[in-house]
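As structure tokens, the structure follows; a few thoughts come after it.
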Amino acid sequence: MVGGVSGVLQGAPITTFDLDIVHSRDPENIERLIAALEPLGARYRTPGAKEIKPERSHLQSPGHQLLMTRGGPLDLLGTIGHGHGYDDLIDQTTEMEIGKGLRIRVLKLETLIEVKEETAGEKDKAALIILRRTLQEKTPKS
């Protein structure tokens, strides 16, 4: 998990409305992802594409798949920043338990900041201030 929700889970007081995930694009994972998206009713949320389901070829690309599900907006990202994919980022994650028996991998706050700095738009610039402050507060003083 990357993006705003990963920041929130690490203590950043920001508001976000979607869930951002960088997924493994290996064929076995794509199959699992397709199977998981079906009961969620995942469809593209871009104008004119609201009835289009994500397909294998979409999920294998490095692009961003901006979906709406029964649970809300879900962004499946092939890469983030300047081309960082799942394999590049996995060592920069931490595992968190977010419910009984539910463990997820979350992009470390330091890496989240670095990635957002690479491609920061206006929305990201505002969040970066809060993310940096959160990291500063969490970092032990020497």
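Lettering and numbering for the structure tokens are positional, with chains as A, B, ... in the shown order, residues counted from 1 in each chain, and ligands counted from 1 in the shown order.
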
(request) Mind the document's chain letters and residue numbers, and return as a PyMOL selection string the residues of range 29-114 of chain A that DSSP labels strand (DSSP E). (result) chain A and resi 43-44+64-69+72-77+79-80+84-85+93-99+102-107

(message) List the spatial neighbours of range 74-87 of chain A as number ranges by chain - criterion: any atom at most 7 Å away, only C-alpha atoms, same-chain residues fewer than 2 positions off excluded.
(response) A: 18-24, 61-69, 72, 89-90, 115-116, 118-119

Hey, what's within 8 Å of Leu112 in chain A if we count only C-alpha atoms and toss same-chain stuff fewer than 6 positions away? As a PDB file with N, CA and C atoms, in the first residue's frame, please?
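Printed below is part.pdb as written:
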```pdb
ATOM      1  N   VAL A   2       0.530   2.195  -0.808  1.00  0.00           N
ATOM      2  CA  VAL A   2       1.267   3.454  -0.915  1.00  0.00           C
ATOM      3  C   VAL A   2       0.247   4.587  -0.831  1.00  0.00           C
ATOM      4  N   GLY A   3       0.707   5.814  -0.893  1.00  0.00           N
ATOM      5  CA  GLY A   3      -0.212   6.938  -0.953  1.00  0.00           C
ATOM      6  C   GLY A   3      -0.701   7.387   0.408  1.00  0.00           C
ATOM      7  N   GLY A   7       0.325   6.831   4.653  1.00  0.00           N
ATOM      8  CA  GLY A   7       0.719   7.914   5.544  1.00  0.00           C
ATOM      9  C   GLY A   7      -0.155   7.965   6.789  1.00  0.00           C
TER      10      GLY A   7
END
```

(message) Just to confirm, what's the straight-line distance from CA of Leu128 in chain A to CA of Leu107 in chain A in Å (one decimal)?
(response) 14.7 Å

(request) Please identify all polymer residues within 8 Å of Arg56 in chain A, counting only C-alpha atoms, omitting same-chain residues fewer than 4 positions from it, and present them as number ranges by chain. (result) A: 30-31, 34, 60
